[in-house]
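One file, work-v8.tsv, carrying TSV, C-alpha atoms and all ligand atoms:
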```tsv
chain	number	residue	atom	x	y	z
C	1	MET	CA	-2.05	-15.27	-19.47
C	2	ILE	CA	-0.12	-12.66	-17.54
C	3	ALA	CA	-1.62	-10.62	-14.69
C	4	VAL	CA	-0.17	-7.71	-12.77
C	5	ILE	CA	-0.85	-7.16	-9.08
C	6	ILE	CA	-0.44	-3.51	-8.09
C	7	PRO	CA	-0.10	-3.02	-4.35
C	8	ALA	CA	-1.61	0.42	-3.76
C	9	ALA	CA	-2.92	0.16	-0.22
C	10	GLY	CA	-0.19	2.06	1.62
C	11	SER	CA	-0.74	5.25	3.59
C	12	GLY	CA	2.29	7.11	2.22
C	13	SER	CA	3.41	8.08	5.70
C	14	ARG	CA	6.89	9.24	4.64
C	15	LEU	CA	5.38	11.65	2.13
C	16	GLY	CA	2.44	12.71	4.31
C	17	GLY	CA	-0.96	14.05	3.31
C	18	LEU	CA	-3.27	12.22	0.92
C	19	PRO	CA	-1.86	8.72	0.13
C	20	LYS	CA	0.51	9.32	-2.78
C	21	GLN	CA	-1.10	6.79	-5.14
C	22	LEU	CA	-4.32	8.86	-5.08
C	23	ARG	CA	-2.60	12.19	-5.76
C	24	HIS	CA	-2.30	13.70	-9.22
C	25	LEU	CA	0.97	13.32	-11.09
C	26	GLY	CA	0.48	15.33	-14.27
C	27	ASN	CA	-3.12	15.03	-15.42
C	28	ALA	CA	-4.07	11.83	-13.56
C	29	PRO	CA	-3.64	10.09	-10.20
C	30	LEU	CA	-0.28	8.39	-9.70
C	31	LEU	CA	-1.99	4.98	-9.50
C	32	LEU	CA	-3.55	5.43	-12.94
C	33	GLN	CA	-0.29	6.70	-14.48
C	34	THR	CA	1.44	3.54	-13.27
C	35	ALA	CA	-1.40	1.21	-14.34
C	36	LEU	CA	-1.56	2.78	-17.82
C	37	VAL	CA	1.97	1.59	-18.66
C	38	PHE	CA	0.80	-2.01	-18.10
C	39	ASP	CA	-2.52	-1.33	-19.85
C	40	ARG	CA	-0.56	-0.38	-22.98
C	41	HIS	CA	1.77	-3.40	-22.76
C	42	PRO	CA	0.65	-6.10	-25.24
C	43	ASP	CA	1.54	-9.09	-22.99
C	44	ILE	CA	-0.51	-8.06	-19.94
C	45	SER	CA	-4.05	-9.50	-19.76
C	46	CYS	CA	-5.51	-8.15	-16.53
C	47	PHE	CA	-4.94	-6.33	-13.24
C	48	VAL	CA	-5.53	-6.84	-9.58
C	49	VAL	CA	-5.23	-3.50	-7.81
C	50	VAL	CA	-5.01	-3.65	-4.03
C	51	GLY	CA	-6.36	-0.45	-2.51
C	52	PRO	CA	-6.76	1.14	0.92
C	53	PRO	CA	-9.84	-0.52	2.52
C	54	ASP	CA	-11.41	2.90	3.18
C	55	ALA	CA	-10.86	4.21	-0.36
C	56	LEU	CA	-11.94	1.34	-2.61
C	57	ASP	CA	-14.61	3.40	-4.37
C	58	THR	CA	-12.06	6.11	-5.12
C	59	VAL	CA	-9.64	3.50	-6.50
C	60	LYS	CA	-12.36	1.99	-8.71
C	61	GLU	CA	-13.17	5.43	-10.09
C	62	ILE	CA	-9.50	6.19	-10.76
C	63	LEU	CA	-9.13	2.99	-12.81
C	64	ILE	CA	-12.13	3.54	-15.13
C	65	PRO	CA	-9.91	4.68	-18.06
C	66	LEU	CA	-8.16	1.27	-18.20
C	67	ASP	CA	-8.97	-0.85	-21.26
C	68	LYS	CA	-8.05	-4.18	-19.69
C	69	PRO	CA	-10.12	-5.99	-17.04
C	70	TYR	CA	-9.28	-5.29	-13.41
C	71	GLN	CA	-10.33	-6.30	-9.93
C	72	VAL	CA	-10.01	-4.05	-6.91
C	73	VAL	CA	-9.50	-5.65	-3.49
C	74	PRO	CA	-8.81	-4.23	-0.01
C	75	GLY	CA	-5.22	-4.36	1.21
C	76	GLY	CA	-3.72	-5.18	4.59
C	77	ALA	CA	-1.45	-3.63	7.20
C	78	THR	CA	1.80	-4.35	5.32
C	79	ARG	CA	2.78	-4.47	1.66
C	80	GLN	CA	2.99	-8.24	1.79
C	81	ASP	CA	-0.46	-8.56	3.37
C	82	SER	CA	-1.68	-6.49	0.43
C	83	VAL	CA	0.11	-8.62	-2.17
C	84	ARG	CA	-1.37	-11.73	-0.56
C	85	ALA	CA	-4.86	-10.21	-0.80
C	86	GLY	CA	-4.26	-9.68	-4.51
C	87	LEU	CA	-2.90	-13.17	-5.02
C	88	ASP	CA	-5.94	-14.66	-3.26
C	89	VAL	CA	-8.32	-13.44	-5.98
C	90	LEU	CA	-6.13	-14.28	-8.97
C	91	ASP	CA	-7.72	-16.62	-11.50
C	92	GLU	CA	-6.18	-20.08	-11.84
C	93	SER	CA	-5.73	-19.57	-15.58
C	94	ILE	CA	-3.01	-16.95	-14.93
C	95	GLU	CA	0.41	-18.43	-15.70
C	96	VAL	CA	2.69	-15.52	-14.85
C	97	VAL	CA	2.19	-12.85	-12.19
C	98	LEU	CA	3.99	-9.52	-12.15
C	99	ILE	CA	3.97	-7.44	-8.99
C	100	HIS	CA	4.58	-3.73	-9.39
C	101	ASP	CA	4.45	-0.89	-6.84
C	102	ALA	CA	1.83	1.76	-7.55
C	103	ALA	CA	4.51	4.25	-6.48
C	104	ARG	CA	6.76	3.51	-9.53
C	105	PRO	CA	5.09	5.37	-12.44
C	106	PHE	CA	8.26	5.67	-14.56
C	107	ILE	CA	8.44	1.96	-15.36
C	108	SER	CA	9.13	1.41	-19.05
C	109	GLY	CA	7.58	-1.12	-21.42
C	110	GLU	CA	11.08	-2.46	-22.13
C	111	VAL	CA	11.77	-3.42	-18.51
C	112	ILE	CA	8.30	-5.01	-18.25
C	113	THR	CA	9.11	-7.10	-21.35
C	114	ASP	CA	12.50	-8.14	-19.96
C	115	VAL	CA	10.96	-9.25	-16.65
C	116	ILE	CA	8.25	-11.21	-18.46
C	117	ASP	CA	10.74	-12.95	-20.79
C	118	SER	CA	13.05	-13.89	-17.96
C	119	THR	CA	10.18	-15.09	-15.75
C	120	LYS	CA	8.85	-17.29	-18.55
C	121	ALA	CA	12.30	-18.78	-19.11
C	122	TYR	CA	13.42	-19.26	-15.49
C	123	GLY	CA	10.36	-19.09	-13.20
C	124	ALA	CA	11.18	-15.85	-11.40
C	125	ALA	CA	12.86	-12.53	-12.25
C	126	ALA	CA	13.06	-9.03	-10.86
C	127	ALA	CA	14.27	-5.61	-11.95
C	128	ALA	CA	17.19	-4.24	-9.96
C	129	LEU	CA	20.20	-1.96	-10.31
C	130	PRO	CA	23.74	-2.60	-9.12
C	131	ILE	CA	24.59	-0.20	-6.28
C	132	THR	CA	26.98	2.48	-7.55
C	133	ASP	CA	27.33	4.69	-4.46
C	134	THR	CA	29.61	3.92	-1.54
C	135	VAL	CA	27.52	2.20	1.15
C	136	ARG	CA	28.15	2.75	4.84
C	137	TYR	CA	26.39	2.28	8.17
C	138	GLY	CA	25.60	5.37	10.20
C	139	LYS	CA	24.71	5.73	13.87
C	140	ASP	CA	23.94	8.73	16.09
C	141	GLY	CA	24.60	11.16	13.26
C	142	CYS	CA	28.00	9.72	12.29
C	143	PHE	CA	29.25	7.17	9.78
C	144	THR	CA	30.61	3.85	10.97
C	145	THR	CA	31.59	0.75	8.97
C	146	THR	CA	31.76	0.71	5.16
C	147	ILE	CA	30.02	-2.14	3.32
C	148	SER	CA	31.47	-3.48	0.09
C	149	ARG	CA	29.04	-2.71	-2.72
C	150	GLU	CA	30.34	-5.64	-4.74
C	151	ASN	CA	27.41	-7.85	-5.79
C	152	LEU	CA	24.90	-5.54	-4.05
C	153	TYR	CA	21.68	-4.56	-5.84
C	154	ALA	CA	18.94	-2.04	-5.18
C	155	MET	CA	15.70	-3.90	-5.89
C	156	GLN	CA	12.96	-2.44	-8.04
C	157	THR	CA	9.69	-3.72	-9.42
C	158	PRO	CA	8.24	-5.34	-11.49
C	159	GLN	CA	9.06	-8.69	-9.97
C	160	GLY	CA	7.71	-11.63	-11.95
C	161	PHE	CA	6.87	-15.19	-10.89
C	162	ARG	CA	5.24	-18.23	-12.36
C	163	HIS	CA	1.87	-18.33	-10.62
C	164	GLU	CA	2.39	-21.65	-8.82
C	165	ILE	CA	5.81	-20.58	-7.55
C	166	LEU	CA	4.41	-17.39	-6.00
C	167	ARG	CA	1.58	-19.32	-4.34
C	168	LYS	CA	3.99	-21.84	-2.90
C	169	ALA	CA	6.22	-19.04	-1.58
C	170	PHE	CA	3.32	-17.32	0.20
C	171	ARG	CA	2.13	-20.67	1.63
C	172	GLN	CA	5.55	-21.50	3.02
C	173	ALA	CA	6.70	-18.10	4.24
C	174	GLU	CA	6.80	-18.02	8.03
C	175	ASP	CA	6.21	-14.32	8.49
C	176	VAL	CA	5.21	-12.68	5.26
C	177	SER	CA	4.51	-9.29	6.80
C	178	LYS	CA	8.18	-8.46	7.40
C	179	SER	CA	9.46	-8.52	3.83
C	180	THR	CA	9.39	-5.38	1.69
C	181	ASP	CA	9.48	-7.23	-1.62
C	182	ASP	CA	8.48	-10.59	-3.06
C	183	VAL	CA	11.88	-11.97	-4.06
C	184	GLU	CA	12.52	-12.36	-0.34
C	185	LEU	CA	9.70	-14.91	-0.10
C	186	VAL	CA	10.62	-16.88	-3.19
C	187	TYR	CA	14.33	-17.33	-2.48
C	188	PRO	CA	13.76	-19.51	0.66
C	189	ILE	CA	11.74	-22.11	-1.29
C	190	GLY	CA	14.78	-22.80	-3.44
C	191	GLN	CA	13.64	-20.84	-6.48
C	192	THR	CA	16.38	-18.76	-8.08
C	193	VAL	CA	15.39	-15.27	-9.17
C	194	GLN	CA	16.99	-13.82	-12.31
C	195	ILE	CA	18.40	-10.31	-12.25
C	196	VAL	CA	16.86	-8.03	-14.87
C	197	HIS	CA	18.58	-4.69	-15.43
C	198	GLY	CA	16.26	-1.96	-14.16
C	199	GLU	CA	16.38	1.75	-14.91
C	200	ARG	CA	17.52	4.65	-12.77
C	201	THR	CA	14.35	6.55	-13.57
C	202	ASN	CA	12.19	3.70	-12.18
C	203	ILE	CA	12.23	5.22	-8.69
C	204	LYS	CA	9.70	4.45	-5.98
C	205	ILE	CA	8.21	7.80	-5.04
C	206	THR	CA	8.68	7.78	-1.28
C	207	THR	CA	9.66	11.21	0.06
C	208	GLN	CA	8.74	14.82	-0.71
C	209	SER	CA	11.90	15.30	-2.76
C	210	ASP	CA	11.01	12.19	-4.82
C	211	TRP	CA	7.58	13.69	-5.45
C	212	ASP	CA	9.07	17.06	-6.45
C	213	TRP	CA	11.51	15.34	-8.85
C	214	ALA	CA	8.75	13.17	-10.31
C	215	SER	CA	6.44	16.16	-10.88
C	216	LYS	CA	9.19	18.07	-12.66
C	217	VAL	CA	10.21	15.18	-14.92
C	218	TRP	CA	6.60	14.28	-15.69
C	219	LYS	CA	5.91	17.87	-16.76
C	220	LYS	CA	9.05	17.95	-18.92
C	221	GLU	CA	8.06	14.75	-20.70
C	222	GLY	CA	4.80	16.56	-21.46
C	223	GLU	CA	2.42	13.58	-21.34
F	301	LIG	N1	1.56	-0.90	-0.04
F	301	LIG	C1	0.39	-1.67	0.07
F	301	LIG	N2	-0.08	-2.01	1.31
F	301	LIG	C2	0.56	-1.62	2.42
F	301	LIG	C3	1.75	-0.87	2.33
F	301	LIG	C4	2.24	-0.52	1.07
F	301	LIG	O1	-0.21	-2.03	-0.94
F	301	LIG	N3	0.03	-1.97	3.61
F	301	LIG	C5	2.02	-0.46	-1.37
F	301	LIG	C6	2.10	1.04	-1.50
F	301	LIG	O2	0.82	1.60	-1.80
F	301	LIG	C7	3.14	1.24	-2.60
F	301	LIG	C8	4.02	0.00	-2.47
F	301	LIG	O3	3.33	-0.92	-1.61
F	301	LIG	O4	2.58	1.26	-3.90
F	301	LIG	C9	5.39	0.34	-1.92
F	301	LIG	O5	5.27	0.84	-0.61
F	301	LIG	P1	5.78	2.24	-0.05
F	301	LIG	O6	6.49	2.99	-1.08
F	301	LIG	O7	6.45	1.96	1.25
F	301	LIG	O8	4.40	3.03	0.18
F	301	LIG	P2	3.67	3.36	1.53
F	301	LIG	O9	3.74	2.18	2.44
F	301	LIG	O10	2.33	3.90	1.18
F	301	LIG	O11	4.56	4.56	2.09
F	301	LIG	P3	5.21	4.70	3.55
F	301	LIG	O12	6.04	3.46	3.78
F	301	LIG	O13	6.00	5.96	3.47
F	301	LIG	O14	4.05	4.78	4.52
F	302	MG	MG	5.63	1.44	3.18
```
Let's see the structure in the file written out as structure tokens.
Amino acid sequence: MIAVIIPAAGSGSRLGGLPKQLRHLGNAPLLLQTALVFDRHPDISCFVVVGPPDALDTVKEILIPLDKPYQVVPGGATRQDSVRAGLDVLDESIEVVLIHDAARPFISGEVITDVIDSTKAYGAAAAALPITDTVRYGKDGCFTTTISRENLYAMQTPQGFRHEILRKAFRQAEDVSKSTDDVELVYPIGQTVQIVHGERTNIKITTQSDWDWASKVWKKEGE
């Protein structure tokens, strides 16, 4: 059985206003748009959605259209605290866990399948894209040193793990709250994580310009 944990407990501070996962993208809240892609995927059995502690009723209402079973649990102060809260309620019968940001509604069924296949074969896998832009530090408004982009990846989600590997990683991590994704916790326990080719469109809606782009593209695709 494969479960997906959707961390959706953030406050969306860089975007401002109502937390982005609760706002409408097209005809439904962003959180539901993201969850529906997994609801339609034949390999996914169930969801754990981690919501803002003060908006759990709203989250439950948003998720009513899902066909598959889901649990809603309150999140924590950081993304990793929220993922841990989701992991804590996961049934032991789950073999593979995918973790996917609520803020990435453009995830495709194909990338989900690739992450699942690679996780089943190797224990852990994550979607990512090789960096194609020139990368450079900047300080006080000016550029400084250039970083070679060779072998550099921009991480995406979903990230997939065999259930027992993810549990071990969270048990052994010294300070979970600092990491912004889950690969960071799994690598130190000696588990390799396979690179799955992500998609450019699988952006994490973070800023106002991301939201504007997402709204335009969503409209064009004409759900
Ligand atoms: N997230 C979470 N719990 C937190 C922080 C983040 O579940 N304490 C979730 C967000 O809801 C989002 C995903 O993790 O789906 C990725 O986080 P991010 O894009 O940073 O969202 P926010 O933290 O809400 O935004 P910001 O950092 O701008 O405040
Ligand atoms: Mg954040």
Show me, as CSV, the residues of chain C having an atom within 9 Å of ligand LIG 301 (chain F), each with the closest atom pair and its distance in Å, using only C-alpha atoms and all ligand atoms.
```
residue,atom,partner,partner_atom,distance
C:Ile6,CA,F:LIG301,O4,7.0
C:Pro7,CA,F:LIG301,O1,3.6
C:Ala8,CA,F:LIG301,O2,3.3
C:Ala9,CA,F:LIG301,O1,3.6
C:Gly10,CA,F:LIG301,O10,3.2
C:Ser11,CA,F:LIG301,O10,4.1
C:Gly12,CA,F:LIG301,O10,3.4
C:Ser13,CA,F:LIG301,O14,3.6
C:Arg14,CA,F:LIG301,O13,3.6
C:Leu15,CA,F:LIG301,O13,5.9
C:Gly16,CA,F:LIG301,O13,7.7
C:Pro19,CA,F:LIG301,O10,6.5
C:Lys20,CA,F:LIG301,O10,7.0
C:Gln21,CA,F:LIG301,O2,6.5
C:Leu31,CA,F:LIG301,O4,8.1
C:Val49,CA,F:LIG301,O1,8.6
C:Val50,CA,F:LIG301,O1,5.9
C:Gly51,CA,F:LIG301,O1,6.5
C:Pro52,CA,F:LIG301,N2,7.4
C:Pro74,CA,F:LIG301,O1,8.9
C:Gly75,CA,F:LIG301,N2,5.7
C:Gly76,CA,F:LIG301,N3,5.0
C:Ala77,CA,F:LIG301,N3,4.2
C:Thr78,CA,F:LIG301,N3,3.4
C:Arg79,CA,F:LIG301,C2,3.7
C:Gln80,CA,F:LIG301,N2,7.0
C:Asp81,CA,F:LIG301,N3,6.6
C:Ser82,CA,F:LIG301,N2,4.8
C:Val83,CA,F:LIG301,O1,6.7
C:His100,CA,F:LIG301,O4,7.7
C:Asp101,CA,F:LIG301,O4,4.1
C:Ala102,CA,F:LIG301,O4,3.8
C:Ala103,CA,F:LIG301,O4,4.4
C:Arg104,CA,F:LIG301,O4,7.4
C:Thr180,CA,F:LIG301,O5,7.8
C:Asp181,CA,F:LIG301,C9,8.6
C:Lys204,CA,F:LIG301,O6,6.0
C:Ile205,CA,F:LIG301,O6,6.5
C:Thr206,CA,F:LIG301,O6,5.3
C:Thr207,CA,F:LIG301,O13,7.3
```
Can you pull out every residue within 12 Å of C:Pro42, counting all atoms listed in the file, but drop anything in the same chain fewer than 2 positions away, and send it as number ranges by chain?
-> C: 1-3, 36-40, 44-46, 67-68, 109-110, 112-113, 116
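Residue nearest C:Asn27, chosen from C:Trp218, C:Cys142, C:Ser108, C:Val186 and counting only C-alpha atoms: C:Trp218.
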Work out how far apart atom CA of C:Leu63 and atom CA of C:Ser93 are and give it in Å to one decimal.
->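 Calculated distance between atom CA of C:Leu63 and atom CA of C:Ser93 is 23.0 Å.
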Which value, in Å to one decimal, gives the distance between atom CA of C:Lys220 and atom CA of C:Gln156?
->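 It comes out at 23.4 Å.
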For atom CA of C:Lys168 and atom CA of C:Gly190, quote the distance in Å rounded to one decimal.
->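 Going from atom CA of C:Lys168 over to atom CA of C:Gly190 covers 10.8 Å.
Each of C:Val4, C:Ile195, C:Ser177, C:Val59 was compared to ligand MG 302 (chain F) using all atoms listed in the file, and C:Ser177 turns out to be the nearest.
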Of the candidates C:Lys178, C:Pro105, C:Lys60, C:Asn202, which shows the shortest atom-to-atom distance to ligand MG 302 (chain F), using all atoms listed in the file?
->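 Between C:Lys178, C:Pro105, C:Lys60, C:Asn202, the residue approaching ligand MG 302 (chain F) most closely is C:Lys178.
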Polymer residues at most 8 Å from C:Gly198, all atoms listed in the file, same-chain spacing of 5 or more positions, as a list of chain:residue names |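 The residues that qualify are C:Val111, C:Ala127, C:Ala128, C:Leu129, C:Gln156.
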Selected residue, from C:Ser148, C:Ala121, C:Arg167, C:Ala214, that lies nearest to C:Val193 when counting only C-alpha atoms =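 For C:Val193, the nearest of the given residues is C:Ala121.
Residues with any atom within 8 Å of C:Val135, counting only C-alpha atoms and excluding same-chain neighbours fewer than 5 positions away, are Thr146, Ile147, Ser148 and Arg149 of chain C.
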So that I have them on file, write out the residues from the current selection with C-alpha atoms, as a PDB file, in the frame of the given file.
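part20.pdb was written with the following content:
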```
ATOM      1  CA  THR C 146      31.760   0.710   5.160  1.00  0.00           C
ATOM      2  CA  ILE C 147      30.020  -2.140   3.320  1.00  0.00           C
ATOM      3  CA  SER C 148      31.470  -3.480   0.090  1.00  0.00           C
ATOM      4  CA  ARG C 149      29.040  -2.710  -2.720  1.00  0.00           C
TER       5      ARG C 149
END
```
Name the residues, using the chain letters and numbers of the file, that sit within 12 Å of (-3.9, -14.6, -14.7) when counting all atoms listed in the file, and give them as a ChimeraX atom specification.
-> /C:1-5,43-48,69-71,86-98,161-164
Assuming the input is short of atoms at stretch 113-124 of chain C, produce all heavy atoms for that part as an mmCIF file, in the coordinates of the input.
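Just written: selection09.cif:
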```
data_model
loop_
_atom_site.group_PDB
_atom_site.id
_atom_site.type_symbol
_atom_site.label_atom_id
_atom_site.label_comp_id
_atom_site.auth_asym_id
_atom_site.auth_seq_id
_atom_site.Cartn_x
_atom_site.Cartn_y
_atom_site.Cartn_z
ATOM 1 N N THR C 113 8.864 -5.993 -20.412
ATOM 2 C CA THR C 113 9.110 -7.100 -21.350
ATOM 3 C C THR C 113 10.258 -7.981 -20.871
ATOM 4 O O THR C 113 10.160 -9.211 -20.899
ATOM 5 C CB THR C 113 9.457 -6.547 -22.758
ATOM 6 O OG1 THR C 113 8.361 -5.734 -23.191
ATOM 7 C CG2 THR C 113 9.685 -7.664 -23.761
ATOM 8 N N ASP C 114 11.340 -7.363 -20.413
ATOM 9 C CA ASP C 114 12.500 -8.140 -19.960
ATOM 10 C C ASP C 114 12.144 -9.013 -18.750
ATOM 11 O O ASP C 114 12.584 -10.158 -18.656
ATOM 12 C CB ASP C 114 13.660 -7.197 -19.585
ATOM 13 C CG ASP C 114 14.265 -6.525 -20.824
ATOM 14 O OD1 ASP C 114 13.949 -6.949 -21.956
ATOM 15 O OD2 ASP C 114 15.053 -5.568 -20.643
ATOM 16 N N VAL C 115 11.353 -8.467 -17.834
ATOM 17 C CA VAL C 115 10.960 -9.250 -16.650
ATOM 18 C C VAL C 115 10.055 -10.409 -17.077
ATOM 19 O O VAL C 115 10.211 -11.546 -16.608
ATOM 20 C CB VAL C 115 10.281 -8.356 -15.577
ATOM 21 C CG1 VAL C 115 9.686 -9.205 -14.450
ATOM 22 C CG2 VAL C 115 11.287 -7.365 -14.995
ATOM 23 N N ILE C 116 9.144 -10.142 -17.984
ATOM 24 C CA ILE C 116 8.250 -11.210 -18.460
ATOM 25 C C ILE C 116 9.061 -12.324 -19.141
ATOM 26 O O ILE C 116 8.886 -13.512 -18.838
ATOM 27 C CB ILE C 116 7.200 -10.645 -19.455
ATOM 28 C CG1 ILE C 116 6.175 -9.771 -18.721
ATOM 29 C CG2 ILE C 116 6.485 -11.789 -20.204
ATOM 30 C CD1 ILE C 116 5.207 -9.021 -19.634
ATOM 31 N N ASP C 117 9.965 -11.944 -20.045
ATOM 32 C CA ASP C 117 10.740 -12.950 -20.790
ATOM 33 C C ASP C 117 11.563 -13.811 -19.842
ATOM 34 O O ASP C 117 11.615 -15.037 -19.977
ATOM 35 C CB ASP C 117 11.670 -12.264 -21.808
ATOM 36 C CG ASP C 117 10.873 -11.653 -22.958
ATOM 37 O OD1 ASP C 117 9.664 -11.955 -23.067
ATOM 38 O OD2 ASP C 117 11.460 -10.866 -23.735
ATOM 39 N N SER C 118 12.197 -13.168 -18.884
ATOM 40 C CA SER C 118 13.050 -13.890 -17.960
ATOM 41 C C SER C 118 12.222 -14.774 -17.022
ATOM 42 O O SER C 118 12.640 -15.875 -16.666
ATOM 43 C CB SER C 118 13.874 -12.853 -17.189
ATOM 44 O OG SER C 118 14.954 -13.438 -16.581
ATOM 45 N N THR C 119 11.057 -14.290 -16.616
ATOM 46 C CA THR C 119 10.180 -15.090 -15.750
ATOM 47 C C THR C 119 9.691 -16.333 -16.496
ATOM 48 O O THR C 119 9.673 -17.438 -15.950
ATOM 49 C CB THR C 119 8.958 -14.260 -15.279
ATOM 50 O OG1 THR C 119 9.428 -13.103 -14.590
ATOM 51 C CG2 THR C 119 8.067 -15.064 -14.347
ATOM 52 N N LYS C 120 9.325 -16.137 -17.760
ATOM 53 C CA LYS C 120 8.850 -17.290 -18.550
ATOM 54 C C LYS C 120 9.963 -18.326 -18.684
ATOM 55 O O LYS C 120 9.732 -19.520 -18.615
ATOM 56 C CB LYS C 120 8.424 -16.822 -19.944
ATOM 57 C CG LYS C 120 7.038 -16.205 -19.982
ATOM 58 C CD LYS C 120 6.700 -15.909 -21.424
ATOM 59 C CE LYS C 120 5.309 -15.369 -21.608
ATOM 60 N NZ LYS C 120 5.168 -14.758 -22.956
ATOM 61 N N ALA C 121 11.186 -17.862 -18.874
ATOM 62 C CA ALA C 121 12.300 -18.780 -19.110
ATOM 63 C C ALA C 121 12.784 -19.462 -17.831
ATOM 64 O O ALA C 121 13.168 -20.628 -17.853
ATOM 65 C CB ALA C 121 13.455 -18.022 -19.768
ATOM 66 N N TYR C 122 12.765 -18.741 -16.708
ATOM 67 C CA TYR C 122 13.420 -19.260 -15.490
ATOM 68 C C TYR C 122 12.493 -19.419 -14.281
ATOM 69 O O TYR C 122 12.919 -19.935 -13.259
ATOM 70 C CB TYR C 122 14.582 -18.336 -15.097
ATOM 71 C CG TYR C 122 15.648 -18.231 -16.154
ATOM 72 C CD1 TYR C 122 15.713 -17.116 -17.000
ATOM 73 C CD2 TYR C 122 16.583 -19.247 -16.320
ATOM 74 C CE1 TYR C 122 16.689 -17.011 -17.975
ATOM 75 C CE2 TYR C 122 17.561 -19.160 -17.295
ATOM 76 C CZ TYR C 122 17.615 -18.035 -18.123
ATOM 77 O OH TYR C 122 18.581 -17.949 -19.086
ATOM 78 N N GLY C 123 11.280 -18.928 -14.334
ATOM 79 C CA GLY C 123 10.360 -19.090 -13.200
ATOM 80 C C GLY C 123 10.202 -17.859 -12.329
ATOM 81 O O GLY C 123 9.146 -17.629 -11.767
ATOM 82 N N ALA C 124 11.268 -17.061 -12.221
ATOM 83 C CA ALA C 124 11.180 -15.850 -11.400
ATOM 84 C C ALA C 124 12.252 -14.861 -11.834
ATOM 85 O O ALA C 124 13.375 -15.258 -12.169
ATOM 86 C CB ALA C 124 11.348 -16.182 -9.923
#
```
